[in-house]
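Asker: Contents of coords-v3.txt (compact mmCIF, C-alpha atoms) are below:
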```txt
# COMPACT_ATOMS: atom_id res chain seq x y z
CA MET I 20 -24.00 36.13 -12.43
CA ASN I 21 -21.44 38.61 -11.25
CA PRO I 22 -17.86 37.33 -11.84
CA ASN I 23 -16.98 38.33 -8.30
CA ASP I 24 -19.86 36.23 -6.95
CA VAL I 25 -18.57 33.23 -8.90
CA ILE I 26 -15.11 33.71 -7.41
CA GLN I 27 -16.65 34.09 -3.92
CA THR I 28 -18.54 30.81 -4.34
CA TYR I 29 -15.43 29.08 -5.63
CA VAL I 30 -13.25 30.33 -2.77
CA ALA I 31 -15.93 29.36 -0.24
CA GLU I 32 -15.85 25.81 -1.61
CA VAL I 33 -12.06 25.71 -1.30
CA MET I 34 -12.19 27.09 2.25
CA ARG I 35 -14.67 24.43 3.31
CA ARG I 36 -11.94 21.84 2.66
CA LEU I 37 -9.13 23.63 4.52
CA PRO I 38 -7.99 23.33 8.13
CA GLY I 39 -9.97 25.76 10.30
CA ARG I 40 -7.05 27.85 11.56
CA GLU I 41 -5.77 28.62 8.04
CA ARG I 42 -9.10 28.85 6.30
CA ARG I 43 -9.67 32.59 6.50
CA GLU I 44 -6.17 33.68 5.50
CA ILE I 45 -5.92 31.32 2.56
CA GLY I 46 -9.43 32.29 1.43
CA LEU I 47 -8.58 35.97 1.50
CA GLU I 48 -5.31 35.44 -0.37
CA LEU I 49 -6.93 33.16 -2.94
CA HIS I 50 -9.73 35.63 -3.52
CA GLY I 51 -7.21 38.39 -4.18
CA LEU I 52 -5.18 36.18 -6.50
CA LEU I 53 -8.19 35.10 -8.57
CA GLY I 54 -9.39 38.69 -8.81
CA GLU I 55 -6.02 39.78 -10.17
CA MET I 56 -5.83 36.86 -12.57
CA LEU I 57 -9.26 37.74 -13.91
CA ALA I 58 -8.36 41.41 -14.28
CA ASP I 59 -5.23 40.39 -16.23
CA ARG I 60 -7.27 38.18 -18.53
CA ALA I 61 -9.82 40.88 -19.16
CA GLU I 62 -7.05 43.35 -19.94
CA SER I 63 -5.37 40.91 -22.34
CA ALA I 64 -8.69 40.18 -24.07
CA GLY I 65 -9.59 43.88 -24.20
CA THR I 66 -13.09 43.12 -22.87
CA PRO I 67 -14.68 43.33 -19.43
CA ALA I 68 -14.64 40.10 -17.42
CA ASP I 69 -17.77 38.03 -17.94
CA ASP I 70 -19.18 34.72 -16.73
CA ALA I 71 -17.58 32.67 -19.49
CA MET I 72 -14.18 34.19 -18.78
CA VAL I 73 -14.33 33.61 -15.04
CA LEU I 74 -15.61 30.06 -15.44
CA ALA I 75 -12.89 29.22 -17.96
CA MET I 76 -10.26 30.63 -15.60
CA LEU I 77 -11.54 28.70 -12.59
CA ARG I 78 -11.75 25.46 -14.55
CA GLU I 79 -8.12 25.88 -15.56
CA PHE I 80 -7.19 26.66 -11.97
CA GLY I 81 -8.60 23.34 -10.81
CA THR I 82 -11.59 22.07 -8.89
CA PRO I 83 -11.99 23.40 -5.33
CA ALA I 84 -11.01 19.96 -4.04
CA GLN I 85 -7.80 19.99 -6.10
CA VAL I 86 -6.91 23.51 -4.95
CA ALA I 87 -7.55 22.66 -1.29
CA GLU I 88 -5.42 19.53 -1.64
CA ARG I 89 -2.41 21.66 -2.64
CA TYR I 90 -2.55 23.36 0.74
CA HIS I 91 -2.54 20.10 2.64
CA PRO I 92 0.76 18.44 3.52
CA ALA I 93 1.47 15.17 1.73
CA GLY I 94 -0.67 12.46 3.33
CA THR I 95 0.66 9.40 5.12
CA VAL I 96 1.19 6.41 2.88
CA ILE I 97 -0.91 3.59 4.31
CA ILE I 98 0.21 0.88 1.91
CA PRO I 99 3.71 1.43 0.47
CA ALA I 100 3.96 1.04 -3.30
CA VAL I 101 6.15 -2.03 -2.92
CA GLN I 102 3.35 -3.79 -1.00
CA THR I 103 0.35 -2.64 -3.03
CA ARG I 104 0.31 -5.65 -5.32
CA SER I 105 0.66 -8.27 -2.62
CA PHE I 106 -1.85 -6.38 -0.43
CA ALA I 107 -4.46 -6.46 -3.20
CA LEU I 108 -3.68 -10.10 -3.94
CA PHE I 109 -4.07 -11.19 -0.31
CA ALA I 110 -7.18 -9.06 0.22
CA PHE I 111 -8.98 -10.36 -2.87
CA GLY I 112 -7.57 -13.86 -2.40
CA GLY I 113 -8.83 -14.05 1.19
CA VAL I 114 -12.34 -12.98 0.20
CA ALA I 115 -12.34 -15.33 -2.81
CA LEU I 116 -11.23 -18.25 -0.63
CA GLN I 117 -14.03 -17.66 1.89
CA TRP I 118 -16.59 -17.37 -0.88
CA ALA I 119 -15.25 -20.51 -2.53
CA LEU I 120 -15.68 -22.38 0.75
CA THR I 121 -19.19 -21.08 1.50
CA LEU I 122 -20.79 -20.74 -1.95
CA PRO I 123 -21.03 -24.49 -2.69
CA ARG I 124 -23.86 -24.68 -0.14
CA VAL I 125 -25.80 -22.14 -2.22
CA PHE I 126 -25.22 -24.06 -5.45
CA GLY I 127 -26.09 -27.30 -3.67
CA GLY I 128 -29.46 -25.82 -2.73
CA GLY I 129 -28.65 -25.75 0.99
CA GLN I 130 -28.92 -21.96 1.38
CA PRO I 131 -30.64 -19.19 -0.59
CA LEU I 132 -28.26 -16.78 -2.32
CA VAL I 133 -29.67 -13.75 -0.49
CA ALA I 134 -29.20 -15.46 2.90
CA TRP I 135 -25.63 -16.33 1.91
CA TRP I 136 -24.89 -12.76 0.82
CA PHE I 137 -26.07 -11.30 4.13
CA SER I 138 -24.12 -13.86 6.17
CA ALA I 139 -20.97 -15.44 4.72
CA GLY I 140 -20.91 -13.26 1.57
CA LEU I 141 -20.66 -9.86 3.25
CA GLY I 142 -19.08 -11.42 6.32
CA ALA I 143 -16.03 -12.37 4.26
CA LEU I 144 -15.15 -8.67 4.09
CA TRP I 145 -13.81 -8.89 7.64
CA TRP I 146 -10.56 -10.02 6.02
CA PRO I 147 -9.74 -6.91 3.93
CA GLY I 148 -10.99 -4.84 6.88
CA LEU I 149 -8.48 -6.55 9.15
CA MET I 150 -5.75 -6.04 6.55
CA VAL I 151 -6.53 -2.31 6.28
CA MET I 152 -6.50 -1.94 10.07
CA SER I 153 -3.15 -3.75 10.23
CA ALA I 154 -1.79 -1.50 7.46
CA LEU I 155 -2.97 1.58 9.40
CA VAL I 156 -1.18 0.39 12.54
CA ALA I 157 1.97 -0.34 10.48
CA ALA I 158 1.78 3.15 8.90
CA LEU I 159 1.42 4.71 12.36
CA VAL I 160 4.49 2.80 13.55
CA ARG I 161 6.43 3.95 10.46
CA THR I 162 5.47 7.58 11.03
CA ARG I 163 6.94 7.28 14.55
CA GLY I 164 10.24 6.50 12.84
CA TRP I 165 10.42 2.82 13.81
CA GLN I 166 11.93 0.87 10.96
CA PRO I 167 13.49 -2.54 11.60
CA ALA I 168 17.07 -2.84 10.37
CA TRP I 169 17.49 -5.21 7.46
CA ARG I 170 19.31 -8.44 8.13
CA PRO I 171 19.84 -11.43 5.89
CA ARG I 172 17.30 -13.97 7.05
CA MET I 173 17.71 -16.50 4.28
CA VAL I 174 21.35 -16.72 3.28
CA ASP I 175 20.90 -20.44 2.66
CA PRO I 176 17.27 -21.15 1.73
CA ASP I 177 17.72 -24.87 2.30
CA ARG I 178 18.96 -24.51 5.86
CA VAL I 179 16.34 -25.44 8.47
CA ASN I 180 15.55 -23.37 11.50
CA ARG I 181 16.15 -26.05 14.13
CA PRO I 182 14.28 -24.51 17.12
CA VAL I 183 11.20 -23.84 14.96
CA MET I 184 11.42 -27.27 13.39
CA LEU I 185 11.75 -28.97 16.78
CA PHE I 186 8.68 -27.09 17.99
CA GLY I 187 6.81 -28.22 14.88
CA LEU I 188 7.92 -31.83 15.27
CA VAL I 189 6.75 -31.97 18.89
CA TRP I 190 3.33 -30.66 17.94
CA PHE I 191 3.28 -32.97 14.95
CA ALA I 192 3.88 -35.99 17.22
CA LEU I 193 1.29 -34.82 19.76
CA GLY I 194 -1.31 -34.22 17.04
CA VAL I 195 -0.73 -37.59 15.46
CA ALA I 196 -0.90 -39.31 18.88
CA LEU I 197 -4.21 -37.58 19.58
CA MET I 198 -5.71 -38.48 16.20
CA VAL I 199 -4.54 -42.10 16.38
CA SER I 200 -5.93 -42.56 19.87
CA LEU I 201 -9.19 -40.68 19.15
CA PRO I 202 -11.16 -43.87 18.35
CA TRP I 203 -10.33 -45.12 21.86
CA ILE I 204 -10.59 -41.75 23.61
CA ALA I 205 -13.89 -40.67 22.04
CA PRO I 206 -16.10 -43.24 23.89
CA MET I 207 -14.73 -41.97 27.21
CA LEU I 208 -15.60 -38.31 26.55
CA PRO I 209 -18.50 -36.77 28.53
CA GLY I 210 -21.98 -35.88 27.26
CA PRO I 211 -22.75 -36.15 23.56
CA LEU I 212 -19.07 -36.03 22.55
CA PRO I 213 -18.73 -39.82 22.07
CA GLN I 214 -21.41 -39.61 19.34
CA VAL I 215 -19.90 -36.42 17.90
CA PHE I 216 -16.40 -37.90 17.52
CA ALA I 217 -17.35 -41.51 16.73
CA PHE I 218 -15.48 -42.65 13.61
CA ASP I 219 -17.24 -44.63 10.91
CA ASP I 220 -16.16 -48.29 11.19
CA GLY I 221 -15.84 -48.67 7.44
CA PHE I 222 -13.58 -45.61 7.27
CA LEU I 223 -11.30 -46.92 10.01
CA SER I 224 -10.99 -50.38 8.49
CA ARG I 225 -10.62 -49.45 4.81
CA ARG I 226 -9.56 -45.83 4.24
CA ALA I 227 -7.77 -44.65 7.36
CA TRP I 228 -4.70 -46.89 7.35
CA PRO I 229 -2.65 -45.07 4.61
CA VAL I 230 -2.46 -42.06 6.90
CA LEU I 231 -0.21 -44.01 9.26
CA LEU I 232 2.29 -44.56 6.46
CA LEU I 233 2.18 -40.91 5.43
CA TRP I 234 2.50 -39.68 9.01
CA SER I 235 5.47 -41.97 9.66
CA GLY I 236 7.15 -41.04 6.37
CA THR I 237 6.61 -37.30 6.82
CA PHE I 238 7.84 -37.43 10.40
CA ALA I 239 10.96 -39.41 9.41
CA LEU I 240 11.69 -36.98 6.60
CA GLN I 241 11.35 -33.93 8.84
CA LEU I 242 13.51 -35.61 11.46
CA ALA I 243 16.20 -36.35 8.85
CA ALA I 244 16.21 -32.68 7.76
CA TYR I 245 16.39 -31.63 11.44
CA VAL I 246 19.37 -33.91 12.09
CA GLN I 247 21.19 -32.82 8.90
CA GLY I 248 20.39 -29.17 9.56
CA ARG I 249 19.33 -28.56 5.96
CA TRP I 250 17.19 -29.89 3.16
CA SER I 251 19.09 -31.94 0.59
CA THR I 252 17.93 -32.45 -2.99
CA LEU I 253 16.74 -35.95 -2.07
CA THR I 254 14.80 -34.92 1.05
CA LEU I 255 13.29 -31.96 -0.83
CA ARG I 256 12.06 -34.21 -3.63
CA LEU I 257 10.75 -36.79 -1.17
CA SER I 258 9.00 -34.01 0.74
CA MET I 259 7.25 -32.89 -2.46
CA LEU I 260 6.23 -36.46 -3.20
CA PHE I 261 4.79 -36.79 0.29
CA SER I 262 2.87 -33.55 -0.22
CA LEU I 263 1.34 -34.97 -3.40
CA ALA I 264 0.48 -38.20 -1.57
CA TRP I 265 -1.19 -36.18 1.22
CA VAL I 266 -3.26 -34.26 -1.32
CA ALA I 267 -4.34 -37.53 -2.98
CA LEU I 268 -5.29 -39.20 0.32
CA LEU I 269 -7.17 -36.23 1.73
CA ALA I 270 -8.97 -35.62 -1.57
CA TRP I 271 -10.08 -39.26 -1.48
CA TRP I 272 -11.41 -38.87 2.07
CA ILE I 273 -13.20 -35.64 1.21
CA ALA I 274 -14.76 -37.09 -1.94
CA ALA I 275 -15.84 -40.35 -0.31
CA GLY I 276 -17.05 -38.74 2.97
CA GLY I 277 -18.36 -40.94 5.77
CA MET I 278 -15.37 -40.45 8.09
CA PHE I 279 -17.47 -39.78 11.18
CA GLN I 280 -20.83 -41.26 12.09
CA ALA I 281 -22.34 -37.84 12.90
CA ARG I 282 -23.22 -35.95 9.72
CA ALA I 283 -22.31 -32.53 11.15
CA THR I 284 -18.88 -33.71 12.33
CA ASP I 285 -18.25 -35.31 8.96
CA ASP I 286 -19.17 -32.10 7.11
CA GLY I 287 -16.92 -30.07 9.41
CA ALA I 288 -14.04 -32.51 8.95
CA ARG I 289 -14.40 -32.40 5.17
CA GLY I 290 -14.32 -28.60 5.22
CA ALA I 291 -11.22 -28.58 7.45
CA LEU I 292 -9.49 -31.19 5.29
CA GLY I 293 -10.33 -29.11 2.20
CA LEU I 294 -8.50 -26.20 3.80
CA VAL I 295 -5.54 -28.44 4.62
CA VAL I 296 -5.40 -29.60 0.98
CA LEU I 297 -5.41 -25.99 -0.16
CA ILE I 298 -2.57 -25.10 2.20
CA ILE I 299 -0.52 -28.10 1.03
CA VAL I 300 -1.07 -27.15 -2.62
CA ILE I 301 -0.06 -23.53 -1.98
CA ASP I 302 3.03 -24.67 -0.06
CA LEU I 303 3.93 -27.09 -2.84
CA ALA I 304 3.50 -24.41 -5.50
CA TYR I 305 5.68 -22.03 -3.48
CA ARG I 306 8.40 -24.66 -3.05
CA LEU I 307 8.37 -25.45 -6.77
CA TYR I 308 8.59 -21.72 -7.53
CA ARG I 309 11.53 -21.33 -5.15
CA ALA I 310 13.26 -24.36 -6.61
CA ARG I 311 13.43 -22.72 -10.06
CA PRO I 312 17.04 -22.38 -11.22
CA SER I 313 16.77 -18.58 -11.44
CA MET I 314 15.75 -18.37 -7.79
CA ARG I 315 18.54 -20.52 -6.42
CA ARG I 316 21.63 -18.42 -6.78
CA PHE I 317 23.06 -15.41 -8.54
CA PRO I 318 26.48 -15.97 -10.05
CA ALA I 319 29.25 -15.43 -7.53
CA THR I 320 30.79 -11.98 -7.65
CA GLY I 321 34.23 -10.74 -6.82
CA MET M 13 8.35 6.06 -34.92
CA ALA M 14 7.88 7.11 -31.31
CA ASP M 15 4.41 8.20 -30.28
CA PRO M 16 4.53 11.91 -29.26
CA LEU M 17 2.41 10.95 -26.23
CA ASP M 18 5.26 8.72 -25.08
CA ASN M 19 7.77 11.57 -25.24
CA PRO M 20 9.14 11.78 -21.69
CA LEU M 21 10.80 15.19 -22.20
CA PRO M 22 7.99 17.49 -20.93
CA LYS M 23 7.52 15.45 -17.77
CA LEU M 24 11.24 15.24 -17.07
CA GLU M 25 11.68 18.95 -17.72
CA LEU M 26 8.82 19.66 -15.31
CA GLU M 27 10.53 17.56 -12.64
CA LEU M 28 13.76 19.44 -13.25
CA ARG M 29 12.01 22.80 -12.83
CA ARG M 30 10.17 21.57 -9.75
CA GLY M 31 13.52 20.82 -8.14
CA VAL M 32 14.69 24.41 -8.45
CA LEU M 33 11.39 26.04 -7.55
CA VAL M 34 12.23 26.75 -3.92
CA ILE M 35 15.55 28.41 -4.69
CA ALA M 36 13.92 30.44 -7.50
CA VAL M 37 11.18 31.68 -5.17
CA LEU M 38 13.57 32.45 -2.33
CA SER M 39 15.84 34.37 -4.71
CA GLN M 40 13.03 36.76 -5.58
CA LEU M 41 11.94 37.31 -2.01
CA ARG M 42 14.97 39.31 -0.96
CA GLU M 43 12.56 42.13 -1.82
CA VAL M 44 9.03 42.28 -0.50
CA GLN M 45 6.54 40.73 -2.93
CA TYR M 46 2.96 39.54 -2.86
CA GLY M 47 2.09 36.27 -4.54
CA TYR M 48 0.88 37.59 -7.86
CA SER M 49 3.77 40.03 -8.28
CA LEU M 50 6.21 37.28 -7.38
CA ARG M 51 4.71 35.03 -10.03
CA GLN M 52 5.06 37.78 -12.62
CA ALA M 53 8.65 38.48 -11.58
CA LEU M 54 9.51 34.79 -11.98
CA ALA M 55 7.72 34.56 -15.33
CA ARG M 56 9.56 37.63 -16.63
CA ARG M 57 12.86 35.92 -15.81
CA GLY M 58 11.91 32.70 -17.57
CA MET M 59 10.62 30.70 -14.62
CA PRO M 60 6.81 30.55 -15.07
CA ILE M 61 5.03 28.91 -12.16
CA GLU M 62 1.38 28.08 -11.72
CA GLU M 63 -0.46 30.11 -9.12
CA GLY M 64 -1.90 26.90 -7.74
CA THR M 65 1.61 25.75 -6.96
CA LEU M 66 3.12 29.06 -5.87
CA TYR M 67 0.68 29.99 -3.11
CA PRO M 68 0.82 26.69 -1.21
CA LEU M 69 4.63 26.79 -1.57
CA LEU M 70 4.74 30.26 0.00
CA ARG M 71 2.65 29.09 2.93
CA ARG M 72 4.84 26.02 3.38
CA LEU M 73 8.01 28.11 3.38
CA GLU M 74 6.45 30.46 5.89
CA LYS M 75 5.51 27.53 8.12
CA GLN M 76 9.09 26.32 7.88
CA GLY M 77 10.16 29.64 9.31
CA VAL M 78 12.11 31.05 6.36
CA LEU M 79 9.61 33.72 5.25
CA ALA M 80 7.94 36.59 7.06
CA SER M 81 4.59 37.88 5.85
CA GLU M 82 2.16 40.68 6.55
CA TRP M 83 -1.15 41.90 5.16
CA ARG M 84 -1.15 45.31 3.52
CA ILE M 85 -3.88 47.34 1.93
CA GLU M 86 -2.50 49.66 -0.73
CA ASP M 87 -4.01 50.28 -4.18
CA GLY M 88 -6.55 47.50 -4.49
CA PRO M 89 -7.56 44.52 -2.40
CA PRO M 90 -5.75 43.39 0.77
CA ARG M 91 -2.57 41.52 -0.17
CA ARG M 92 -0.23 39.34 1.77
CA TYR M 93 3.37 40.38 1.28
CA TYR M 94 6.23 37.97 1.78
CA ARG M 95 9.92 38.53 2.43
CA LEU M 96 12.90 36.42 3.45
CA ASN M 97 13.65 36.58 7.17
CA ASP M 98 17.12 35.92 8.63
CA ALA M 99 16.66 32.15 8.51
CA GLY M 100 15.50 32.50 4.90
CA GLU M 101 18.57 34.57 3.98
CA ALA M 102 20.83 31.91 5.50
CA LEU M 103 18.94 29.12 3.73
CA LEU M 104 19.16 30.96 0.41
CA ALA M 105 22.92 31.38 0.85
CA GLU M 106 23.33 27.66 1.54
CA LEU M 107 21.08 26.64 -1.34
CA THR M 108 22.94 29.02 -3.67
CA ALA M 109 26.24 27.37 -2.74
CA SER M 110 24.70 23.93 -3.31
CA TRP M 111 23.29 25.10 -6.61
CA HIS M 112 26.67 26.31 -7.85
CA ALA M 113 28.26 23.02 -6.79
CA ILE M 114 25.57 21.05 -8.67
CA VAL M 115 25.93 23.23 -11.76
CA GLY M 116 29.70 22.67 -11.70
CA THR M 117 29.31 18.93 -11.30
CA MET M 118 26.70 18.73 -14.04
CA ALA M 119 28.80 20.82 -16.39
CA GLY M 120 31.67 18.38 -15.88
CA LEU M 121 29.40 15.37 -16.39
CA LEU M 122 27.76 16.77 -19.51
CA GLU M 123 31.09 17.88 -20.96
CA GLY M 124 32.47 14.38 -20.39
CA SER M 125 29.51 12.77 -22.12
CA ALA M 126 29.48 15.18 -25.08
CA PRO M 127 30.20 13.44 -28.40
```
Could you quickly redo this structure as structure tokens?
Answerer:
Amino acid sequence: MNPNDVIQTYVAEVMRRLPGRERREIGLELHGLLGEMLADRAESAGTPADDAMVLAMLREFGTPAQVAERYHPAGTVIIPAVQTRSFALFAFGGVALQWALTLPRVFGGGQPLVAWWFSAGLGALWWPGLMVMSALVAALVRTRGWQPAWRPRMVDPDRVNRPVMLFGLVWFALGVALMVSLPWIAPMLPGPLPQVFAFDDGFLSRRAWPVLLLWSGTFALQLAAYVQGRWSTLTLRLSMLFSLAWVALLAWWIAAGGMFQARATDDGARGALGLVVLIIVIDLAYRLYRARPSMRRFPATG
Amino acid sequence: MADPLDNPLPKLELELRRGVLVIAVLSQLREVQYGYSLRQALARRGMPIEEGTLYPLLRRLEKQGVLASEWRIEDGPPRRYYRLNDAGEALLAELTASWHAIVGTMAGLLEGSAP
């Protein structure tokens, strides 16, 4: 090998990675620089430049990819450092949750593992994909200079947002009304829907009634917080107790099954209730975390 | 005993040098230089700089409109020669003033913290 040929090959590899309009000029300059560096080395060593010398010099200089990178402007940050941890947590957590919900069928013998992998398994990756796309859009918005001004959104963490809470309470009441009247509405629905939404008689007579107590209690508690405008220690504790009671009731329903007469509806309802339980548990954990003494207040200053 | 690998000094010193790189390069480009000769001039005056860093920096400064460059063929291969233009001269003057102000402030701070 001729040392000059090695340098030519190296420079060509760098040029391949550079923007087209600058490629030739940078290549020419880099070639001249490396030639002079090699001549200096040979002069210092007192020997003519050889393959070993040129290779050692180029390895010290960096790989062609590293050298080309130096000529590129700093790239756009897609996920800011302050969000990297939560981004990874949500991305992995979302995939893990979907797998946790769909894998039991495989372990129960209802679906081969390979079929699961090529459906729900790989399909779960839509979530990190969506997150990356959202991060790209956010990065684009940031590069355009749009940055929302900071404002204190939680001066008093126990204060309730009344408009949002009222909206939630209305939907709460409508949802409860629909669920309570479903046993009477279902027979009047068209087509196969009466069979699809027909409740199991045993469920309605023995296991459904506690939900009325929990609905009433939860509604009353939310209404009290709405009227007072903030959560008090008592209403917060009661709210946590109600959350635990909801988890217990729903877990009982899921474990016992047989809520609907149709098997498919029952399976779907159990899956949905499982998700609700998970959300309640996460919310409860978050509220307990927020209620820690260290999170409540810093000492007053000034 | 502290692990030598945990010694933060080299990294911090590198950051310090990186901060003054632009002003060092601009200071030597009041006269026409090509990249390799510029590197040698800086090294001779105690400011060694890697070629891999210097060349992209020269291109960036040229893109920012503070350097003028031209290709020349003299003794040896074609070389790109750089020199401060008017905007570069003005920038160097401003940076020099800032530098003196920083040196003064730092001298005061370090003197105040001396045992």
Asker: Residues of region 27-60 of chain M that have any atom at most 9 Å from an atom of region 102-117 of chain M: could you tabulate them with the shortest-distance atom pair and the distance in Å to one decimal, using all atoms listed in the file, ordered by chain and increasing number, as JSON lines?
Answerer:
```
{"residue": "M:Val32", "atom": "CA", "partner": "M:Trp111", "partner_atom": "CA", "distance": 8.8}
{"residue": "M:Ile35", "atom": "CA", "partner": "M:Leu107", "partner_atom": "CA", "distance": 6.7}
{"residue": "M:Leu38", "atom": "CA", "partner": "M:Leu104", "partner_atom": "CA", "distance": 6.4}
{"residue": "M:Ser39", "atom": "CA", "partner": "M:Leu104", "partner_atom": "CA", "distance": 7.0}
```
Asker: Can those selected residues be exported to a file as a compact mmCIF listing (two decimals), keeping the file's coordinate frame so that it contains C-alpha atoms?
Answerer:
```txt
# COMPACT_ATOMS: atom_id res chain seq x y z
CA VAL M 32 14.69 24.41 -8.45
CA ILE M 35 15.55 28.41 -4.69
CA LEU M 38 13.57 32.45 -2.33
CA SER M 39 15.84 34.37 -4.71
```
Asker: Tell me which of M:Leu96, M:Val34, M:Leu70, M:Ala55 sits closest to chain I, counting only C-alpha atoms.
Answerer: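 Nearest to chain I: M:Leu70.
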Asker: Please produce, as JSON lines, a per-residue contact table for chain M versus chain I (criterion: any atom at most 8 Å away, only C-alpha atoms considered), showing the nearest atom pair and its distance in Å to one decimal, sorted by chain then residue number.
Answerer:
```
{"residue": "M:Gly47", "atom": "CA", "partner": "I:Leu52", "partner_atom": "CA", "distance": 7.5}
{"residue": "M:Tyr48", "atom": "CA", "partner": "I:Leu52", "partner_atom": "CA", "distance": 6.4}
{"residue": "M:Gly64", "atom": "CA", "partner": "I:Val86", "partner_atom": "CA", "distance": 6.7}
{"residue": "M:Thr65", "atom": "CA", "partner": "I:Arg89", "partner_atom": "CA", "distance": 7.2}
{"residue": "M:Pro68", "atom": "CA", "partner": "I:Tyr90", "partner_atom": "CA", "distance": 5.1}
{"residue": "M:Pro89", "atom": "CA", "partner": "I:Gly51", "partner_atom": "CA", "distance": 6.4}
{"residue": "M:Pro90", "atom": "CA", "partner": "I:Gly51", "partner_atom": "CA", "distance": 7.2}
{"residue": "M:Arg91", "atom": "CA", "partner": "I:Glu48", "partner_atom": "CA", "distance": 6.7}
{"residue": "M:Arg92", "atom": "CA", "partner": "I:Glu48", "partner_atom": "CA", "distance": 6.8}
```
Asker: CA of Leu294 (chain I) to CA of Ala157 (chain I): how many Å, to one decimal?
Answerer: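 Computed distance, CA of Leu294 (chain I) to CA of Ala157 (chain I), equals 28.7 Å.
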Asker: Could you pull the residues within 8 Å of Leu240 (chain I), counting only C-alpha atoms, minus those fewer than 6 positions along the same chain, as a VMD selection string?
Answerer: chain I and resid 254 257 to 258
Asker: Between I:Asp24, I:Trp228, I:Gln241, I:Leu155, which is the closest to Val189 (chain I) once you count all atoms listed in the file?
Answerer: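 Under the stated criterion, the closest residue is I:Gln241.
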Asker: Using Å and a single decimal, report how far CA of Ile299 (chain I) sits from CA of Leu253 (chain I).
Answerer: 19.2 Å
Asker: With only C-alpha atoms as the counted atoms, please give the residues lying no more than 10 Å from Ala61 (chain I), apart from itself and same-chain residues fewer than 6 positions off, as a PyMOL selection string.
Answerer: chain I and resi 55+67-69+72-73
